[in-house]
Amino acid sequence: MRSPYTPSLTVVDKIISENDVNDIKTFQLAFKDQDAAKAFKYTPGQFSEISLLGVGECPIGIASSPMDEDYIQFTVKKVGVLTTSLHNCVEGDVVGVRGPYGNGFPTDIMEGRDVVIVGGGFAFTTLRSLTKYILHEANRKRFGNLTVVYGARNPGELLYKYDLEAWGERDDLNLVVTVDKGDDSWTGKEGFVPAILKETSPSSENAVMVVCGPPAMIRFTIPVIEELKFQPENTYISLEMRMKCGIGKCGRCNIGSKYVCKDGPVFSFDELQVLPKEY
Amino acid sequence: MSEPRDQIREHARRLLDEGKVEVIIGYEKGSVPLQSTPCFVRDADNVERLIWDSTCGPNLAKYLFDREGKTGIVAKACDARSIVVGIVENQIEREDVVVIGVPCEGVIDLKKIDAVLDGKEILEASMDNDKVSVKGDGFEQILSKKEFLCDSCISCRHRNPPVYDILAGDELEETKESDEFEEISKLEAKSPEERWNHFSKELGKCIRCYACRNVCPLCYCKECFVDETMPSWCGKTTDLSDTMTYHIIRALHIAGRCVDCGACSRACPEDIDLRALTKKVEKIVRELYDYEPGLSLEELPVLGIFEQDDPQEFIK
Amino acid sequence: MILRSSSNRSVVLKMKEKTIEKKDLSGFIDSLLEEYQVFAPTIAEGIPRFDRISSSTQVSLDSPKLERSPKEVFFPQCETLFTYQLIDGKMTMEEPPALESERVLLFVRPCDVKALTLMDSVFTSWEPKDTNYLDKREKTIIVGRACSRPWSTCFCTSLGVDPFGKEGMDLVFEDIGDKYVVEALTERGGKIIDGSSLFKDAEKKDLENLKEVSKKATEAIRSELDVKEIEKKLKAIYDDSFWGKVSEKCVGCGVCSYLCPVCHCFDVQDEGTELKGKRVRIWDACQYPIFTLHASGHNPRTSSRERIRQRMMHKFSYFIENFGELACVGCGRCIKGCPGNMDIREVLTGIMATEAD
Ligand SMILES: Cc1cc2nc3c(=O)[nH]c(=O)nc-3n(C[C@H](O)[C@H](O)[C@H](O)COP(=O)(O)OP(=O)(O)OC[C@H]3O[C@@H](n4cnc5c(N)ncnc54)[C@H](O)[C@@H]3O)c2cc1C
Ligand code: SF4
Ligand code: SF4
Ligand code: FES
């Protein structure tokens, strides 16, 4: 009988600093145990409980794509106890991983439809997983047009620059990257995500929208989503609550009767409409 | 003169009617015999809910911290002293509170009554000046109130609120019948090992519910050290080392501030003798600085100031 | 071994009632101790609680206060999830071993057994199951006791719990004066009295007595509340000013949650260094402000208004949505424990009386 609270051990394979201020890093982890690696089947939008033994545990979205078979990736911002310790890790260190948990993005519903991905700031991590997943050669044909609108405060804060560059060269997605404020070398768009989304004006016809970002961005994006006529049942958002167990037991992450760890973190706007606004 | 209770109601009605305060915080009858419960009156028509008797234990000063707007508060002497500490520490605006002070002859300790009833449950109770009569299934008993007062009330030296705007009831004569630090002296007389056993036994019962901290008006830190995580000062378990750390640091943190209202001890569901720590700390502060907190608005917090002739022998 | 799931709580057996003289009870308990780990109500440092016993003399059936709930027998306040150690550069983790043998939990009140079945819903009905809880639960034989002495704060009957109810028990002891009527409700319950000469077949008179006693106990419950369709009411008054008023005196401690037999929230913490230590789970409470505090500083439940509402909504609305039952059994522990005398009966009455504003 294996306890669901015991993590599988992984080794840090690679650490990528994602931004200029160096408070966001991507950790590439490899399972020590082959069975654990095989058992770890996830979909974009799911998360794990990441832990350092002796320090603690916290939920982190999975940033890699299920198609990346040899490793999993997590992108972590340094804010508190665990994330600070994690930032002090070096390659070869041992990290505990539990999961995958949560429902993930509804890739089944997205099949055969256009997909619009809207992300702001550091919440782009699981959207990156979804984008990579859709763009994978084994999957691309199953989805319609793909639009990705992604914004950060400034060019230095853009995550996954290596991916953005590669995606920019492809013709099977419409990638719109924007920054609130550019610098001397920035030649891309300037402006907030809601405005750029409006300008991009993706069609809502047979399309699904996924949006993640800081509360302020979400607040201003909602009117644009409505204007573009995306229906609440076709619009999805990934939420964050404080979590501990990740499996619907510790009673911490509920919004109404739903546990964000178990029933979410991805909710459609119409699911959210019937839940209390307590998040 | 009318009863303190009626005076409280009259003053409350006038303060609300004249718009001097938005709310009166006082006590009302609780749902369980011999318990009162905090009560917030905003409408002058509801002042009849307010009571004053020996069940009025909770330290209402708690509710003045973090409160906005003009507030009237029913304050027995130790509550008033907590308010003074709050004002001196710049946590309460003097102008925002109207203190309805009440001289207090002590509040009863329900746990002591339960102990003599040995499992018989009180279903009805009434009180007069010095008697408590309790009734239950097949029993009726009249108890002498004096024997069932809280320990902090028995050793109390300040039955009259030191600071108030209105006084409800007549000033009482202060008593010094017993030795205020009698229990502490007994503990001090024990060997270190006996003391360790005493505290291990008491604090070993702690379930970390934080009722003691949360009812304490002076535990107002925005983030309590036990909740801090960077760094984490104290483990969260109920292991003795963690509960000890919690209680010792808490006792030190209220040094020179604790007014010995006894609210923490009354709140504790495990009947832990918390005053053994807090009263000892009070004694140390008294001996070193000849200081009692909460008696004057002019005096600065004793551990918040430095004077040339402060004793230093204890700094090792 | 099967665990009674919340959907399948029907009484498995109908065996003939037995009786045991009160004076023989200690003999029975001591005989159990030869075979099982036994947990029973005891008094430790003045606090009545369920604890492992080594002799029948430790059992206290007439404690002067309502005992602590038995939830800690299955869900201890601090529980090691696993230990870890770095040996020769290799990290190893070890979970506490599963229980080796069956345990017996003696003399649990019907409300507390009901509470256990509610906790089963939380810990065992959703995958992955909570193996720490499940192991203890599956390997514990529950011996109930009919509640012939309700306390003044009890309101179980208003919430559908019967002081003589037997739901979730394997065996039940019912006090009829100088003896107990004993009824086995499951095979495992029957097993522990089988072959003991201390139990006699119940006589007609005993069963008549039992009826009498049970009627008296039910009548002794003084609090009567009407909580019909409370979940609908709660939905309607979610934004009502009622919550601001009712929560004003709450100081945000954890007494109500810790004493409650149904409250199950917990925290997970590491104890130790990176070389050696353990990960533990510790009870937690939704009334603490930091319970939902995000690392960013954002808090979805900033004041006691939201937190009291959460406690009530969870017990009387969300739990019904998730498991079809209320998460309160009316034991009244929170009423007696609250330092501010917040009375859940009054809160419930207040909820039912509130018309959405
Ligand atoms: C042992 C102890 C521990 C405490 N821990 C905490 C804590 O962890 N978190 C927390 O929020 N509060 C804590 N407090 C309360 C805190 O001390 C008061 O809130 C504090 O006095 C506020 O200080 P300030 O500098 O922020 O305010 P200020 O407004 O600068 O000063 C507070 C008061 O002290 C007076 N004062 C000015 N100069 C001096 C001086 N040189 N010496 C003495 N008094 C002077 C001021 O006139 C004013 O009345 C603690 C108090 C004590 C005694
Ligand atoms: S009230 Fe009692 S049990 Fe609760 S934390 Fe304080 S000492 Fe511990
Ligand atoms: S009465 Fe209180 S302690 Fe008892 S089950 Fe209900 S909420 Fe929990
Ligand atoms: S994180 Fe424990 S219930 Fe969601």
# chains A, B, ... in the order shown; residues from 1 in each chain; ligands from 1
$ residues_around --residues "Arg52 in chain C" --least-positions-apart "6" --cutoff "7 Å" --atoms "only C-alpha atoms" --output "PyMOL selection string"
chain C and resi 38-40
$ residues_near_ligand --ligand "ligand 3" --cutoff "7 Å" --atoms "only C-alpha atoms and all ligand atoms" --output "ChimeraX atom specification"
/C:256-257,259-263,327-335,344
$ residues_around --residues "Glu69 in chain A" --least-positions-apart "5" --cutoff "10 Å" --atoms "only C-alpha atoms" --output "list in words"
Ala30, Ala37, Lys38, Lys41 and Ser64 of chain A
$ write_last_selection --atoms "N, CA and C atoms" --output "short mmCIF file (atom, residue, chain, number, x, y, z; two decimals), in the first residue's frame"
data_model
loop_
_atom_site.label_atom_id
_atom_site.label_comp_id
_atom_site.auth_asym_id
_atom_site.auth_seq_id
_atom_site.Cartn_x
_atom_site.Cartn_y
_atom_site.Cartn_z
N ALA A 30 14.37 14.51 -14.06
CA ALA A 30 14.26 13.15 -14.59
C ALA A 30 13.98 12.20 -13.43
N ALA A 37 8.53 7.01 -13.76
CA ALA A 37 8.49 7.83 -14.98
C ALA A 37 7.34 7.39 -15.87
N LYS A 38 7.17 6.09 -16.00
CA LYS A 38 6.09 5.57 -16.85
C LYS A 38 4.73 5.92 -16.27
N LYS A 41 1.79 10.00 -16.17
CA LYS A 41 1.14 10.37 -17.44
C LYS A 41 0.30 11.61 -17.20
N SER A 64 6.33 21.30 -19.09
CA SER A 64 6.71 20.54 -20.29
C SER A 64 5.46 19.99 -20.94
#
$ residues_near_ligand --ligand "ligand 2" --cutoff "10 Å" --atoms "only C-alpha atoms and all ligand atoms" --output "PyMOL selection string"
(chain B and resi 202-215+238+243-244+246-247+263-274) or (chain C and resi 253-255+258+339)
$ write_last_selection --atoms "C-alpha atoms" --output "short mmCIF file (atom, residue, chain, number, x, y, z; two decimals), in the first residue's frame"
data_model
loop_
_atom_site.label_atom_id
_atom_site.label_comp_id
_atom_site.auth_asym_id
_atom_site.auth_seq_id
_atom_site.Cartn_x
_atom_site.Cartn_y
_atom_site.Cartn_z
CA GLU B 202 1.12 21.20 31.33
CA LEU B 203 2.44 22.22 27.93
CA GLY B 204 2.45 18.63 26.75
CA LYS B 205 -1.33 18.85 26.66
CA CYS B 206 -1.35 21.74 24.21
CA ILE B 207 -3.20 21.07 20.97
CA ARG B 208 -1.94 24.24 19.27
CA CYS B 209 -5.43 25.59 18.74
CA TYR B 210 -4.14 29.11 19.46
CA ALA B 211 -7.21 30.04 21.48
CA CYS B 212 -4.81 31.49 24.09
CA ARG B 213 -3.09 33.67 21.53
CA ASN B 214 -6.22 34.66 19.70
CA VAL B 215 -8.21 35.80 22.73
CA THR B 238 2.32 19.03 19.12
CA THR B 243 4.68 23.50 22.17
CA MET B 244 7.31 24.64 24.66
CA TYR B 246 5.55 28.40 21.29
CA HIS B 247 4.60 29.09 24.88
CA ALA B 263 -8.28 35.29 29.23
CA CYS B 264 -5.76 32.82 27.80
CA SER B 265 -6.17 30.38 30.65
CA ARG B 266 -9.96 30.59 30.52
CA ALA B 267 -9.95 29.99 26.78
CA CYS B 268 -7.71 26.94 26.84
CA PRO B 269 -9.69 23.80 26.06
CA GLU B 270 -7.01 21.69 27.71
CA ASP B 271 -7.10 23.57 31.03
CA ILE B 272 -3.41 24.37 30.77
CA ASP B 273 -2.01 26.54 33.51
CA LEU B 274 -0.71 29.27 31.23
CA CYS C 253 -8.74 30.17 16.87
CA GLY C 254 -8.94 26.51 15.99
CA VAL C 255 -10.89 25.13 18.95
CA TYR C 258 -9.97 20.63 16.49
CA PRO C 339 -13.89 30.79 24.13
#
$ residues_near_ligand --ligand "ligand 1" --cutoff "6 Å" --atoms "only C-alpha atoms and all ligand atoms" --output "list of chain:residue names"
B:Val88, B:Glu89, B:Asn90, B:Cys221, B:His253, B:Ile254, B:Ala255, B:Leu300, B:Leu303, B:Gly304, B:Ile305
$ residues_around --residues "Leu197 in chain A" --least-positions-apart "3" --cutoff "9 Å" --atoms "only C-alpha atoms" --output "PyMOL selection string"
chain A and resi 118+149+176+192-194+200-202+221+224-225
$ write_last_selection --atoms "N, CA and C atoms" --output "compact mmCIF listing (two decimals), in the first residue's frame"
# COMPACT_ATOMS: atom_id res chain seq x y z
N VAL A 118 -4.37 32.56 -24.40
CA VAL A 118 -4.04 33.92 -23.99
C VAL A 118 -3.35 33.87 -22.63
N VAL A 149 -1.56 34.40 -27.79
CA VAL A 149 -1.27 35.79 -27.42
C VAL A 149 -0.59 35.76 -26.06
N VAL A 176 1.42 35.90 -31.18
CA VAL A 176 1.48 37.35 -30.95
C VAL A 176 2.11 37.59 -29.58
N PHE A 192 -0.85 46.12 -23.57
CA PHE A 192 -1.34 45.11 -22.62
C PHE A 192 -2.07 44.00 -23.36
N VAL A 193 -2.06 42.83 -22.72
CA VAL A 193 -2.65 41.65 -23.34
C VAL A 193 -4.10 41.87 -23.81
N PRO A 194 -4.99 42.45 -22.97
CA PRO A 194 -6.38 42.60 -23.44
C PRO A 194 -6.47 43.39 -24.75
N THR A 200 -5.83 41.39 -32.21
CA THR A 200 -5.64 40.12 -32.93
C THR A 200 -6.97 39.56 -33.41
N SER A 201 -7.99 39.77 -32.60
CA SER A 201 -9.36 39.44 -32.93
C SER A 201 -9.55 38.04 -33.53
N PRO A 202 -9.19 37.01 -32.79
CA PRO A 202 -9.40 35.66 -33.29
C PRO A 202 -10.89 35.34 -33.39
N THR A 221 -9.39 41.32 -19.45
CA THR A 221 -9.52 40.46 -20.63
C THR A 221 -10.95 39.97 -20.82
N VAL A 224 -13.09 41.71 -23.30
CA VAL A 224 -12.64 41.46 -24.67
C VAL A 224 -13.13 40.09 -25.14
N ILE A 225 -13.04 39.12 -24.22
CA ILE A 225 -13.51 37.77 -24.56
C ILE A 225 -14.98 37.82 -24.94
$ residues_around --residues "range 90-106 of chain A" --least-positions-apart "5" --cutoff "8 Å" --atoms "only C-alpha atoms" --output "PyMOL selection string"
chain A and resi 4-15+29+40-53+130+236+246-247+260-266
$ residues_around --residues "Ser82 in chain B" --least-positions-apart "3" --cutoff "7 Å" --atoms "only C-alpha atoms" --output "short mmCIF file (atom, residue, chain, number, x, y, z; two decimals) with N, CA, C and O atoms, in the first residue's frame"
data_model
loop_
_atom_site.label_atom_id
_atom_site.label_comp_id
_atom_site.auth_asym_id
_atom_site.auth_seq_id
_atom_site.Cartn_x
_atom_site.Cartn_y
_atom_site.Cartn_z
N ALA B 61 -11.16 43.98 25.00
CA ALA B 61 -10.19 44.87 24.36
C ALA B 61 -9.71 44.28 23.04
O ALA B 61 -9.34 45.00 22.12
N CYS B 78 -9.20 44.81 34.01
CA CYS B 78 -8.09 44.27 33.23
C CYS B 78 -8.27 44.54 31.73
O CYS B 78 -7.30 44.73 31.00
N ASP B 79 -9.53 44.58 31.27
CA ASP B 79 -9.76 44.95 29.87
C ASP B 79 -9.28 46.38 29.63
O ASP B 79 -8.66 46.69 28.62
N VAL B 85 -2.56 49.54 27.21
CA VAL B 85 -1.37 49.02 26.52
C VAL B 85 -1.53 49.24 25.00
O VAL B 85 -0.59 49.67 24.32
N GLY B 86 -2.71 48.96 24.51
CA GLY B 86 -2.97 49.14 23.08
C GLY B 86 -2.77 50.59 22.65
O GLY B 86 -2.24 50.87 21.57
N PRO B 217 -5.63 40.22 23.83
CA PRO B 217 -5.64 41.50 23.10
C PRO B 217 -4.24 41.91 22.67
O PRO B 217 -4.07 42.58 21.66
N VAL B 259 -1.32 41.93 31.20
CA VAL B 259 -1.97 42.54 32.37
C VAL B 259 -2.60 41.47 33.26
O VAL B 259 -3.35 41.78 34.16
N GLY B 294 -0.20 48.92 31.63
CA GLY B 294 -1.61 49.24 31.48
C GLY B 294 -2.21 50.11 32.54
O GLY B 294 -3.42 50.20 32.67
#
$ residues_near_ligand --ligand "ligand 4" --cutoff "6 Å" --atoms "only C-alpha atoms and all ligand atoms" --output "list in words"
Met243, Lys244, Cys245, Gly246, Ile247, Gly248, Lys249, Cys250, Gly251, Arg252, Cys253, Tyr259, Val260 and Cys261 of chain A
$ interface_residues --of "chain A" --to "chain B" --cutoff "10 Å" --atoms "only C-alpha atoms" --output "JSON, numbers by chain"
{"A": [80, 81, 82, 84]}
$ write_last_selection --atoms "all heavy atoms" --output "mmCIF file, in the first residue's frame"
data_model
loop_
_atom_site.group_PDB
_atom_site.id
_atom_site.type_symbol
_atom_site.label_atom_id
_atom_site.label_comp_id
_atom_site.auth_asym_id
_atom_site.auth_seq_id
_atom_site.Cartn_x
_atom_site.Cartn_y
_atom_site.Cartn_z
ATOM 1 N N GLY A 80 8.766 32.234 -1.795
ATOM 2 C CA GLY A 80 8.655 31.845 -0.388
ATOM 3 C C GLY A 80 9.631 30.759 -0.028
ATOM 4 O O GLY A 80 10.685 30.631 -0.646
ATOM 5 N N VAL A 81 9.266 29.989 0.972
ATOM 6 C CA VAL A 81 10.192 29.014 1.546
ATOM 7 C C VAL A 81 10.706 28.014 0.516
ATOM 8 O O VAL A 81 11.899 27.939 0.250
ATOM 9 C CB VAL A 81 9.502 28.225 2.688
ATOM 10 C CG1 VAL A 81 10.492 27.298 3.357
ATOM 11 C CG2 VAL A 81 8.909 29.175 3.702
ATOM 12 N N LEU A 82 9.784 27.290 -0.026
ATOM 13 C CA LEU A 82 10.227 26.195 -0.902
ATOM 14 C C LEU A 82 10.840 26.716 -2.191
ATOM 15 O O LEU A 82 11.878 26.236 -2.643
ATOM 16 C CB LEU A 82 9.068 25.249 -1.230
ATOM 17 C CG LEU A 82 9.599 24.091 -2.038
ATOM 18 C CD1 LEU A 82 10.114 22.997 -1.113
ATOM 19 C CD2 LEU A 82 8.620 23.563 -3.024
ATOM 20 N N THR A 84 12.342 29.387 -2.833
ATOM 21 C CA THR A 84 13.678 29.945 -2.630
ATOM 22 C C THR A 84 14.710 28.817 -2.534
ATOM 23 O O THR A 84 15.775 28.887 -3.163
ATOM 24 C CB THR A 84 13.713 30.814 -1.349
ATOM 25 O OG1 THR A 84 12.718 31.826 -1.472
ATOM 26 C CG2 THR A 84 15.073 31.468 -1.159
#
$ atom_distance --atom1 "CA of Glu28 in chain B" --atom2 "CA of Lys315 in chain C"
27.1 Å
$ closest_atom_pairs --of "chain C" --to "chain B" --cutoff "8 Å" --atoms "only C-alpha atoms" --output "Markdown table"
| residue | atom | partner | partner_atom | distance |
| --- | --- | --- | --- | --- |
| C:Glu45 | CA | B:Lys205 | CA | 7.9 |
| C:Ile47 | CA | B:Glu270 | CA | 6.8 |
| C:Asp62 | CA | B:Gly119 | CA | 7.7 |
| C:Ser63 | CA | B:Gly119 | CA | 6.5 |
| C:Pro64 | CA | B:Gly119 | CA | 3.3 |
| C:Lys65 | CA | B:Gly119 | CA | 6.0 |
| C:Gln77 | CA | B:Thr238 | CA | 7.7 |
| C:Cys78 | CA | B:Thr237 | CA | 6.2 |
| C:Trp151 | CA | B:Glu121 | CA | 7.5 |
| C:Ser152 | CA | B:Leu123 | CA | 7.0 |
| C:Glu248 | CA | B:Phe40 | CA | 7.9 |
| C:Lys249 | CA | B:Pro38 | CA | 6.1 |
| C:Val251 | CA | B:Asn214 | CA | 5.7 |
| C:Gly252 | CA | B:Asn214 | CA | 6.6 |
| C:Cys253 | CA | B:Ala211 | CA | 4.9 |
| C:Gly254 | CA | B:Cys209 | CA | 4.6 |
| C:Val255 | CA | B:Cys209 | CA | 5.5 |
| C:Tyr258 | CA | B:Cys209 | CA | 7.1 |
| C:Gln269 | CA | B:Lys236 | CA | 7.7 |
| C:Glu271 | CA | B:Gly235 | CA | 7.4 |
| C:Ile282 | CA | B:Thr237 | CA | 6.6 |
| C:Ile290 | CA | B:Asp227 | CA | 7.9 |
| C:Lys336 | CA | B:Val32 | CA | 7.8 |
| C:Gly337 | CA | B:Pro269 | CA | 6.1 |
| C:Cys338 | CA | B:Ala267 | CA | 7.6 |
| C:Pro339 | CA | B:Ala267 | CA | 4.8 |
| C:Gly340 | CA | B:Thr37 | CA | 5.5 |
| C:Asn341 | CA | B:Thr37 | CA | 5.6 |
| C:Met342 | CA | B:Thr37 | CA | 7.5 |
| C:Asp343 | CA | B:Ser31 | CA | 6.8 |
$ write_last_selection --atoms "C-alpha atoms" --output "tab-separated table (two decimals), in the first residue's frame"
chain	number	residue	atom	x	y	z
C	45	GLU	CA	-4.46	14.84	32.67
C	47	ILE	CA	-9.16	15.53	29.71
C	62	ASP	CA	-18.72	8.33	33.16
C	63	SER	CA	-16.30	11.12	32.51
C	64	PRO	CA	-17.39	14.45	33.94
C	65	LYS	CA	-17.20	16.05	30.52
C	77	GLN	CA	-3.29	15.45	15.20
C	78	CYS	CA	0.30	14.88	14.03
C	151	TRP	CA	-25.36	16.70	27.22
C	152	SER	CA	-27.26	19.95	27.23
C	248	GLU	CA	-18.06	39.48	14.64
C	249	LYS	CA	-17.08	37.83	17.90
C	251	VAL	CA	-11.33	35.45	17.29
C	252	GLY	CA	-10.14	32.93	14.70
C	253	CYS	CA	-8.74	30.17	16.87
C	254	GLY	CA	-8.94	26.51	15.99
C	255	VAL	CA	-10.89	25.13	18.95
C	258	TYR	CA	-9.97	20.63	16.49
C	269	GLN	CA	5.06	20.11	7.04
C	271	GLU	CA	10.36	18.24	10.23
C	282	ILE	CA	-0.98	18.17	11.22
C	290	ILE	CA	-3.31	32.07	7.11
C	336	LYS	CA	-18.66	24.11	24.85
C	337	GLY	CA	-15.17	24.69	23.53
C	338	CYS	CA	-15.54	28.13	21.96
C	339	PRO	CA	-13.89	30.79	24.13
C	340	GLY	CA	-16.43	33.34	22.91
C	341	ASN	CA	-19.42	31.03	23.29
C	342	MET	CA	-20.21	31.05	19.60
C	343	ASP	CA	-23.07	28.56	19.50
$ closest_atom_pairs --of "chain C" --to "chain A" --cutoff "7 Å" --atoms "only C-alpha atoms" --output "CSV"
residue,atom,partner,partner_atom,distance
C:Leu81,CA,A:Tyr5,CA,6.7
C:Phe82,CA,A:Thr6,CA,6.8
C:Val122,CA,A:Lys249,CA,6.2
C:Phe123,CA,A:Lys249,CA,6.2
C:Pro128,CA,A:Pro4,CA,6.5
C:Asp130,CA,A:Pro4,CA,6.8
C:Thr131,CA,A:Ser3,CA,5.4
C:Asn132,CA,A:Ser3,CA,6.8
C:His264,CA,A:Cys250,CA,6.9
C:Cys265,CA,A:Cys250,CA,4.6
C:Phe266,CA,A:Cys250,CA,4.9
C:Asp267,CA,A:Lys244,CA,6.3
C:Val268,CA,A:Lys244,CA,6.2
C:Gln269,CA,A:Gly56,CA,6.0
C:Asp270,CA,A:Gly54,CA,5.2
C:Glu271,CA,A:Gly54,CA,6.2
C:Gly272,CA,A:Gly54,CA,5.3
C:Thr273,CA,A:Gly54,CA,4.7
C:Glu274,CA,A:Gly54,CA,4.6
C:Gly277,CA,A:Gly54,CA,6.4
C:Thr292,CA,A:Arg242,CA,5.6
C:Leu293,CA,A:Arg242,CA,6.6
C:His294,CA,A:Arg242,CA,5.5
C:Ala295,CA,A:Gly80,CA,6.5
C:Pro300,CA,A:Tyr279,CA,4.8
C:Tyr318,CA,A:Ser257,CA,4.3
C:Glu321,CA,A:Ser257,CA,6.6
C:Asn322,CA,A:Ser257,CA,6.8
$ residues_around --residues "Gly350 in chain C" --least-positions-apart "4" --cutoff "12 Å" --atoms "only C-alpha atoms" --output "JSON, numbers by chain"
{"C": [225, 226, 227, 230, 233, 234, 237, 240, 241, 242, 243, 245, 246, 247, 312, 343, 344, 345, 346, 354, 355, 356]}
$ select_by_dssp --residues "range 118-152 of chain B" --states "helix (DSSP H, G or I)" --output "PyMOL selection string"
chain B and resi 145-148+151-152
$ write_last_selection --atoms "N, CA and C atoms" --output "mmCIF file, in the first residue's frame"
data_model
loop_
_atom_site.group_PDB
_atom_site.id
_atom_site.type_symbol
_atom_site.label_atom_id
_atom_site.label_comp_id
_atom_site.auth_asym_id
_atom_site.auth_seq_id
_atom_site.Cartn_x
_atom_site.Cartn_y
_atom_site.Cartn_z
ATOM 1 N N LYS B 145 -19.374 32.208 45.615
ATOM 2 C CA LYS B 145 -18.725 32.708 44.398
ATOM 3 C C LYS B 145 -17.221 32.860 44.579
ATOM 4 N N LYS B 146 -16.883 33.350 45.753
ATOM 5 C CA LYS B 146 -15.483 33.643 46.040
ATOM 6 C C LYS B 146 -14.552 32.453 45.768
ATOM 7 N N GLU B 147 -15.091 31.256 46.021
ATOM 8 C CA GLU B 147 -14.246 30.082 45.862
ATOM 9 C C GLU B 147 -14.075 29.668 44.401
ATOM 10 N N PHE B 148 -14.865 30.279 43.548
ATOM 11 C CA PHE B 148 -14.828 29.833 42.153
ATOM 12 C C PHE B 148 -14.391 30.936 41.191
ATOM 13 N N ASP B 151 -8.201 32.320 38.894
ATOM 14 C CA ASP B 151 -6.966 32.556 39.641
ATOM 15 C C ASP B 151 -6.474 33.991 39.468
ATOM 16 N N SER B 152 -6.605 34.496 38.248
ATOM 17 C CA SER B 152 -6.112 35.862 38.015
ATOM 18 C C SER B 152 -6.945 36.873 38.805
#
$ atom_distance --atom1 "CA of Thr147 in chain A" --atom2 "CA of Tyr71 in chain A"
26.4 Å
$ atom_distance --atom1 "CA of Gln231 in chain A" --atom2 "CA of Arg128 in chain A"
23.2 Å
$ closest_residue --among "A:Asn22, A:Thr126, A:Gln273, A:Asn234" --to "Cys212 in chain A" --atoms "only C-alpha atoms"
A:Thr126
$ select_by_dssp --residues "range 134-274 of chain A" --states "strand (DSSP E or B)" --output "MDAnalysis selection string"
chainID A and resid 146:152 174:179 189:190 207:212 235:238 254:255 258:259 266:268
$ decode --residues "range 17-25 of chain B" --atoms "N, CA, C and O atoms" --output "mmCIF file, in the first residue's frame"
data_model
loop_
_atom_site.group_PDB
_atom_site.id
_atom_site.type_symbol
_atom_site.label_atom_id
_atom_site.label_comp_id
_atom_site.auth_asym_id
_atom_site.auth_seq_id
_atom_site.Cartn_x
_atom_site.Cartn_y
_atom_site.Cartn_z
ATOM 1 N N ASP B 17 -27.451 56.992 20.799
ATOM 2 C CA ASP B 17 -28.440 58.002 20.405
ATOM 3 C C ASP B 17 -27.774 59.295 19.958
ATOM 4 O O ASP B 17 -28.166 59.920 18.981
ATOM 5 N N GLU B 18 -26.747 59.689 20.702
ATOM 6 C CA GLU B 18 -26.083 60.958 20.380
ATOM 7 C C GLU B 18 -25.073 60.801 19.254
ATOM 8 O O GLU B 18 -24.386 61.747 18.887
ATOM 9 N N GLY B 19 -24.950 59.589 18.746
ATOM 10 C CA GLY B 19 -24.021 59.354 17.638
ATOM 11 C C GLY B 19 -22.568 59.467 18.046
ATOM 12 O O GLY B 19 -21.681 59.634 17.210
ATOM 13 N N LYS B 20 -22.289 59.337 19.332
ATOM 14 C CA LYS B 20 -20.902 59.441 19.791
ATOM 15 C C LYS B 20 -20.099 58.198 19.396
ATOM 16 O O LYS B 20 -18.886 58.267 19.260
ATOM 17 N N VAL B 21 -20.795 57.091 19.305
ATOM 18 C CA VAL B 21 -20.136 55.855 18.889
ATOM 19 C C VAL B 21 -21.005 55.130 17.870
ATOM 20 O O VAL B 21 -22.221 55.335 17.815
ATOM 21 N N GLU B 22 -20.349 54.293 17.062
ATOM 22 C CA GLU B 22 -21.106 53.501 16.080
ATOM 23 C C GLU B 22 -21.573 52.191 16.684
ATOM 24 O O GLU B 22 -22.555 51.605 16.263
ATOM 25 N N VAL B 23 -20.804 51.738 17.648
ATOM 26 C CA VAL B 23 -21.109 50.421 18.200
ATOM 27 C C VAL B 23 -20.676 50.393 19.657
ATOM 28 O O VAL B 23 -19.723 51.069 20.048
ATOM 29 N N ILE B 24 -21.414 49.629 20.435
ATOM 30 C CA ILE B 24 -21.000 49.371 21.810
ATOM 31 C C ILE B 24 -20.621 47.897 21.882
ATOM 32 O O ILE B 24 -21.399 47.025 21.491
ATOM 33 N N ILE B 25 -19.418 47.651 22.356
ATOM 34 C CA ILE B 25 -19.023 46.258 22.549
ATOM 35 C C ILE B 25 -19.167 45.936 24.026
ATOM 36 O O ILE B 25 -18.578 46.616 24.872
#
